[in-house]
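The file coords.tsv comes next; it holds TSV, N, CA and C atoms.
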chain	number	residue	atom	x	y	z
A	27	MET	N	23.35	7.07	-40.20
A	27	MET	CA	23.22	8.49	-39.93
A	27	MET	C	24.33	9.25	-40.67
A	28	ASN	N	23.96	10.28	-41.38
A	28	ASN	CA	24.88	11.06	-42.18
A	28	ASN	C	25.48	12.20	-41.34
A	29	PHE	N	26.69	11.96	-40.81
A	29	PHE	CA	27.31	12.94	-39.92
A	29	PHE	C	27.80	14.18	-40.65
A	30	SER	N	27.87	14.13	-41.98
A	30	SER	CA	28.32	15.32	-42.72
A	30	SER	C	27.34	16.48	-42.55
A	31	LYS	N	26.11	16.20	-42.14
A	31	LYS	CA	25.15	17.27	-41.88
A	31	LYS	C	25.54	18.09	-40.65
A	32	ILE	N	26.53	17.60	-39.90
A	32	ILE	CA	26.99	18.32	-38.72
A	32	ILE	C	28.24	19.14	-39.01
A	33	TYR	N	29.14	18.61	-39.84
A	33	TYR	CA	30.42	19.29	-40.02
A	33	TYR	C	30.65	19.88	-41.41
A	34	ASP	N	29.87	19.49	-42.41
A	34	ASP	CA	30.07	19.98	-43.77
A	34	ASP	C	29.14	21.15	-44.06
A	35	PRO	N	29.70	22.35	-44.27
A	35	PRO	CA	28.84	23.52	-44.52
A	35	PRO	C	27.88	23.34	-45.69
A	36	ARG	N	28.25	22.49	-46.67
A	36	ARG	CA	27.36	22.26	-47.82
A	36	ARG	C	26.13	21.44	-47.44
A	37	GLU	N	26.21	20.72	-46.32
A	37	GLU	CA	25.10	19.87	-45.88
A	37	GLU	C	24.29	20.52	-44.75
A	38	MET	N	24.80	21.64	-44.22
A	38	MET	CA	24.11	22.30	-43.10
A	38	MET	C	22.89	23.06	-43.60
A	39	ASN	N	21.91	23.22	-42.73
A	39	ASN	CA	20.80	24.09	-43.06
A	39	ASN	C	21.14	25.51	-42.60
A	40	SER	N	20.25	26.44	-42.84
A	40	SER	CA	20.53	27.85	-42.53
A	40	SER	C	20.79	28.08	-41.05
A	41	TYR	N	20.05	27.39	-40.18
A	41	TYR	CA	20.24	27.56	-38.73
A	41	TYR	C	21.64	27.14	-38.31
A	42	GLN	N	22.07	26.00	-38.81
A	42	GLN	CA	23.40	25.50	-38.48
A	42	GLN	C	24.48	26.45	-39.02
A	43	PHE	N	24.28	26.93	-40.23
A	43	PHE	CA	25.26	27.80	-40.85
A	43	PHE	C	25.39	29.12	-40.09
A	44	VAL	N	24.26	29.69	-39.69
A	44	VAL	CA	24.28	30.94	-38.90
A	44	VAL	C	24.95	30.70	-37.55
A	45	ALA	N	24.64	29.58	-36.90
A	45	ALA	CA	25.24	29.27	-35.60
A	45	ALA	C	26.74	29.07	-35.73
A	46	ALA	N	27.18	28.36	-36.75
A	46	ALA	CA	28.61	28.13	-36.95
A	46	ALA	C	29.34	29.45	-37.22
A	47	THR	N	28.74	30.29	-38.05
A	47	THR	CA	29.32	31.59	-38.34
A	47	THR	C	29.36	32.45	-37.07
A	48	GLY	N	28.28	32.43	-36.32
A	48	GLY	CA	28.23	33.17	-35.05
A	48	GLY	C	29.28	32.70	-34.07
A	49	LEU	N	29.49	31.39	-34.02
A	49	LEU	CA	30.51	30.84	-33.12
A	49	LEU	C	31.90	31.34	-33.51
A	50	VAL	N	32.20	31.29	-34.80
A	50	VAL	CA	33.51	31.77	-35.26
A	50	VAL	C	33.68	33.26	-34.93
A	51	MET	N	32.65	34.06	-35.18
A	51	MET	CA	32.73	35.49	-34.89
A	51	MET	C	32.88	35.75	-33.39
A	52	THR	N	32.22	34.94	-32.56
A	52	THR	CA	32.32	35.07	-31.12
A	52	THR	C	33.73	34.74	-30.65
A	53	ILE	N	34.31	33.69	-31.22
A	53	ILE	CA	35.69	33.33	-30.86
A	53	ILE	C	36.65	34.46	-31.24
A	54	VAL	N	36.49	35.02	-32.43
A	54	VAL	CA	37.34	36.13	-32.87
A	54	VAL	C	37.17	37.33	-31.94
A	55	ALA	N	35.92	37.65	-31.60
A	55	ALA	CA	35.66	38.77	-30.69
A	55	ALA	C	36.29	38.50	-29.32
A	56	HIS	N	36.19	37.26	-28.85
A	56	HIS	CA	36.77	36.89	-27.56
A	56	HIS	C	38.29	37.07	-27.59
A	57	LEU	N	38.92	36.67	-28.69
A	57	LEU	CA	40.37	36.85	-28.84
A	57	LEU	C	40.75	38.33	-28.85
A	58	ILE	N	39.97	39.14	-29.56
A	58	ILE	CA	40.23	40.59	-29.59
A	58	ILE	C	40.10	41.17	-28.19
A	59	LEU	N	39.06	40.77	-27.47
A	59	LEU	CA	38.88	41.26	-26.10
A	59	LEU	C	40.06	40.85	-25.22
A	60	ALA	N	40.56	39.63	-25.41
A	60	ALA	CA	41.72	39.17	-24.62
A	60	ALA	C	42.97	39.99	-24.98
A	61	ILE	N	43.15	40.28	-26.26
A	61	ILE	CA	44.33	41.04	-26.70
A	61	ILE	C	44.30	42.45	-26.11
A	62	ILE	N	43.13	43.09	-26.11
A	62	ILE	CA	43.05	44.46	-25.58
A	62	ILE	C	42.77	44.47	-24.08
A	63	ASN	N	42.78	43.27	-23.49
A	63	ASN	CA	42.63	43.11	-22.04
A	63	ASN	C	41.32	43.69	-21.50
A	64	LYS	N	40.24	43.40	-22.20
A	64	LYS	CA	38.90	43.81	-21.75
A	64	LYS	C	38.07	42.57	-21.49
A	65	GLN	N	37.14	42.69	-20.57
A	65	GLN	CA	36.21	41.62	-20.30
A	65	GLN	C	34.79	42.15	-20.40
A	66	VAL	N	33.92	41.34	-20.98
A	66	VAL	CA	32.51	41.68	-21.08
A	66	VAL	C	31.75	40.66	-20.23
A	67	GLU	N	31.03	41.16	-19.26
A	67	GLU	CA	30.29	40.26	-18.37
A	67	GLU	C	29.28	39.44	-19.16
A	68	SER	N	29.20	38.18	-18.87
A	68	SER	CA	28.26	37.24	-19.49
A	68	SER	C	28.54	36.96	-20.96
A	69	PHE	N	29.71	37.34	-21.47
A	69	PHE	CA	30.06	37.10	-22.87
A	69	PHE	C	30.05	35.61	-23.19
A	70	GLY	N	30.44	34.80	-22.22
A	70	GLY	CA	30.51	33.35	-22.41
A	70	GLY	C	29.17	32.71	-22.72
A	71	TYR	N	28.09	33.38	-22.35
A	71	TYR	CA	26.76	32.81	-22.63
A	71	TYR	C	26.48	32.73	-24.12
A	72	LEU	N	27.20	33.52	-24.92
A	72	LEU	CA	27.03	33.44	-26.38
A	72	LEU	C	27.35	32.04	-26.89
A	73	TYR	N	28.36	31.40	-26.28
A	73	TYR	CA	28.72	30.05	-26.71
A	73	TYR	C	27.56	29.07	-26.49
A	74	ILE	N	26.88	29.23	-25.37
A	74	ILE	CA	25.71	28.38	-25.07
A	74	ILE	C	24.61	28.64	-26.10
A	75	CYS	N	24.38	29.91	-26.40
A	75	CYS	CA	23.34	30.26	-27.40
A	75	CYS	C	23.65	29.65	-28.76
A	76	TRP	N	24.90	29.75	-29.20
A	76	TRP	CA	25.27	29.19	-30.51
A	76	TRP	C	25.14	27.67	-30.50
A	77	PHE	N	25.51	27.04	-29.39
A	77	PHE	CA	25.39	25.59	-29.29
A	77	PHE	C	23.92	25.16	-29.37
A	78	VAL	N	23.05	25.85	-28.66
A	78	VAL	CA	21.62	25.52	-28.68
A	78	VAL	C	21.05	25.75	-30.09
A	79	PHE	N	21.41	26.87	-30.69
A	79	PHE	CA	20.93	27.21	-32.04
A	79	PHE	C	21.40	26.16	-33.05
A	80	PHE	N	22.68	25.76	-32.95
A	80	PHE	CA	23.23	24.75	-33.85
A	80	PHE	C	22.54	23.41	-33.63
A	81	SER	N	22.32	23.05	-32.36
A	81	SER	CA	21.67	21.77	-32.04
A	81	SER	C	20.25	21.71	-32.58
A	82	ALA	N	19.51	22.80	-32.42
A	82	ALA	CA	18.14	22.85	-32.95
A	82	ALA	C	18.16	22.74	-34.47
A	83	GLY	N	19.11	23.41	-35.11
A	83	GLY	CA	19.24	23.32	-36.56
A	83	GLY	C	19.61	21.92	-37.01
A	84	THR	N	20.45	21.24	-36.23
A	84	THR	CA	20.85	19.87	-36.56
A	84	THR	C	19.65	18.93	-36.49
A	85	VAL	N	18.84	19.08	-35.45
A	85	VAL	CA	17.63	18.25	-35.32
A	85	VAL	C	16.72	18.50	-36.51
A	86	ALA	N	16.52	19.77	-36.86
A	86	ALA	CA	15.66	20.10	-38.00
A	86	ALA	C	16.25	19.53	-39.30
A	87	ASN	N	17.56	19.57	-39.44
A	87	ASN	CA	18.22	19.06	-40.64
A	87	ASN	C	18.02	17.55	-40.78
A	88	TYR	N	18.14	16.83	-39.69
A	88	TYR	CA	17.97	15.37	-39.75
A	88	TYR	C	16.51	14.97	-39.93
A	89	ARG	N	15.59	15.81	-39.51
A	89	ARG	CA	14.16	15.49	-39.66
A	89	ARG	C	13.63	15.84	-41.04
A	90	SER	N	14.33	16.70	-41.77
A	90	SER	CA	13.84	17.11	-43.08
A	90	SER	C	14.08	16.01	-44.10
A	91	LYS	N	13.23	15.98	-45.09
A	91	LYS	CA	13.37	15.01	-46.17
A	91	LYS	C	14.31	15.60	-47.22
A	92	PRO	N	15.08	14.78	-47.90
A	92	PRO	CA	16.07	15.30	-48.86
A	92	PRO	C	15.49	16.21	-49.94
A	93	ASN	N	14.29	15.92	-50.42
A	93	ASN	CA	13.70	16.73	-51.49
A	93	ASN	C	12.65	17.71	-50.99
A	94	GLU	N	12.62	17.96	-49.71
A	94	GLU	CA	11.61	18.85	-49.12
A	94	GLU	C	11.88	20.28	-49.58
A	95	HIS	N	10.82	20.97	-49.99
A	95	HIS	CA	10.97	22.37	-50.38
A	95	HIS	C	11.28	23.18	-49.14
A	96	GLY	N	12.13	24.17	-49.30
A	96	GLY	CA	12.51	24.99	-48.16
A	96	GLY	C	13.77	24.48	-47.50
A	97	HIS	N	14.20	23.27	-47.85
A	97	HIS	CA	15.47	22.76	-47.33
A	97	HIS	C	16.57	23.48	-48.10
A	98	HIS	N	17.48	24.07	-47.37
A	98	HIS	CA	18.43	24.98	-48.00
A	98	HIS	C	19.85	24.50	-47.78
A	99	HIS	N	20.60	24.36	-48.85
A	99	HIS	CA	22.00	24.01	-48.75
A	99	HIS	C	22.84	25.23	-49.13
A	100	HIS	N	23.95	25.39	-48.45
A	100	HIS	CA	24.87	26.47	-48.78
A	100	HIS	C	25.98	25.89	-49.64
A	101	HIS	N	26.21	26.52	-50.76
A	101	HIS	CA	27.27	26.07	-51.67
A	101	HIS	C	28.34	27.13	-51.72
A	102	HIS	N	29.55	26.74	-51.39
A	102	HIS	CA	30.66	27.69	-51.39
A	102	HIS	C	31.74	27.21	-52.31
Whole structure, C-alpha coordinates version:
Amino acid sequence: MNFSKIYDPREMNSYQFVAATGLVMTIVAHLILAIINKQVESFGYLYICWFVFFSAGTVANYRSKPNEHGHHHHHH
(Lines of atoms letter the chains of each structure in order from A and count residues from 1; the text may use other names and numbers.)
(Lines give C-alpha, C1' and ligand atoms only; values in the text may rest on other atoms or scores of the structure.)
Protein backbone atom coordinates (compact mmCIF):
# COMPACT_ATOMS: atom_id res chain seq x y z
CA MET A 1 0.00 0.00 0.00
CA ASN A 2 1.39 3.38 -1.04
CA PHE A 3 1.00 5.60 2.05
CA SER A 4 2.33 8.65 0.20
CA LYS A 5 -1.20 9.03 -1.21
CA ILE A 6 -2.17 10.11 2.31
CA TYR A 7 0.59 12.55 3.24
CA ASP A 8 2.22 13.74 -0.02
CA PRO A 9 0.30 16.60 -1.68
CA ARG A 10 1.69 15.50 -5.08
CA GLU A 11 -0.01 12.11 -4.66
CA MET A 12 -3.32 13.41 -3.27
CA ASN A 13 -6.42 13.73 -5.39
CA SER A 14 -8.48 16.93 -5.47
CA TYR A 15 -10.76 15.85 -2.60
CA GLN A 16 -7.83 15.17 -0.31
CA PHE A 17 -6.11 18.41 -1.30
CA VAL A 18 -9.24 20.49 -0.63
CA ALA A 19 -9.77 18.75 2.73
CA ALA A 20 -6.15 19.27 3.78
CA THR A 21 -6.30 22.93 2.78
CA GLY A 22 -9.62 23.33 4.59
CA LEU A 23 -8.16 21.75 7.71
CA VAL A 24 -5.21 24.14 7.71
CA MET A 25 -7.53 27.14 7.20
CA THR A 26 -9.81 25.90 10.00
CA ILE A 27 -6.86 25.58 12.38
CA VAL A 28 -5.72 29.12 11.50
CA ALA A 29 -9.26 30.45 11.99
CA HIS A 30 -9.50 28.60 15.32
CA LEU A 31 -6.22 30.20 16.46
CA ILE A 32 -7.44 33.65 15.43
CA LEU A 33 -10.68 33.09 17.34
CA ALA A 34 -8.67 32.03 20.40
CA ILE A 35 -6.43 35.12 20.14
CA ILE A 36 -9.39 37.50 19.95
CA ASN A 37 -11.17 35.46 22.65
CA LYS A 38 -14.24 34.60 20.58
CA GLN A 39 -16.05 31.31 20.33
CA VAL A 40 -18.23 30.08 17.48
CA GLU A 41 -20.75 27.44 18.45
CA SER A 42 -20.27 24.13 16.62
CA PHE A 43 -17.00 25.33 15.02
CA GLY A 44 -15.38 22.03 16.00
CA TYR A 45 -17.66 20.14 13.63
CA LEU A 46 -15.58 21.50 10.75
CA TYR A 47 -12.78 19.15 11.81
CA ILE A 48 -15.13 16.17 11.48
CA CYS A 49 -16.24 17.39 8.03
CA TRP A 50 -12.65 17.74 6.81
CA PHE A 51 -11.76 14.31 8.18
CA VAL A 52 -14.73 12.68 6.42
CA PHE A 53 -13.98 14.56 3.18
CA PHE A 54 -10.30 13.57 3.34
CA SER A 55 -11.19 9.93 4.12
CA ALA A 56 -13.59 9.71 1.19
CA GLY A 57 -10.94 11.23 -1.07
CA THR A 58 -8.37 8.74 0.20
CA VAL A 59 -10.67 5.80 -0.57
CA ALA A 60 -11.27 7.21 -4.06
CA ASN A 61 -7.52 7.75 -4.54
CA TYR A 62 -6.67 4.15 -3.63
CA ARG A 63 -9.44 2.77 -5.85
CA SER A 64 -8.38 4.75 -8.92
CA LYS A 65 -6.05 3.23 -11.46
CA PRO A 66 -2.72 5.04 -12.02
CA ASN A 67 -3.47 5.90 -15.66
CA GLU A 68 -7.18 6.57 -15.22
CA HIS A 69 -8.38 9.74 -16.93
CA GLY A 70 -9.68 12.28 -14.49
CA HIS A 71 -7.15 11.27 -11.84
CA HIS A 72 -5.61 14.54 -10.82
CA HIS A 73 -2.26 15.19 -9.19
CA HIS A 74 -1.26 18.52 -7.72
CA HIS A 75 2.25 19.62 -8.55
CA HIS A 76 3.79 22.34 -6.46
Point to revise | segment 48-63 of chain A surroundings by only N, CA and C atoms, 8 Å radius, close-in-sequence under 6 positions cut, as a VMD selection string | key: chain A and resid 42 72 to 73 76 to 77
**Study point:** Among the residues A:Glu67, A:Val44, A:Pro92, A:Asn28, the one that comes closest to Phe80 of chain A [using only C-alpha atoms]
**Key:**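 Closest to Phe80 of chain A of all the choices is A:Val44.
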Review point. Suppose you want the space between atom C of Met27 of chain A and atom CA of Ile74 of chain A; what is it in Å?
Key: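 Atom CA of Ile74 of chain A lies at a distance of 24.7 Å from atom C of Met27 of chain A.
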Point to revise | Of the listed residues A:Val66, A:Phe29, A:Asn39, A:Thr47, that which approaches Ala86 of chain A most closely, counting all atoms listed in the file | key: A:Asn39
Exercise for review: Could you jot down the atom CA of Tyr88 of chain A to atom CA of Cys75 of chain A separation for me, Å, one decimal place?
Suggested key: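 About the pair atom CA of Tyr88 of chain A and atom CA of Cys75 of chain A: they are 20.1 Å apart.
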Check your understanding: So how far away is atom CA of Arg89 of chain A from atom C of Ala45 of chain A, in Å?
Key ->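 These atoms are spaced 18.9 Å apart.
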Exercise for review: Please return as a PyMOL selection string: the residues of chain A that backbone DSSP assigns to helix (DSSP H, G or I).
Suggested key: chain A and resi 30-33+40-61+71-89
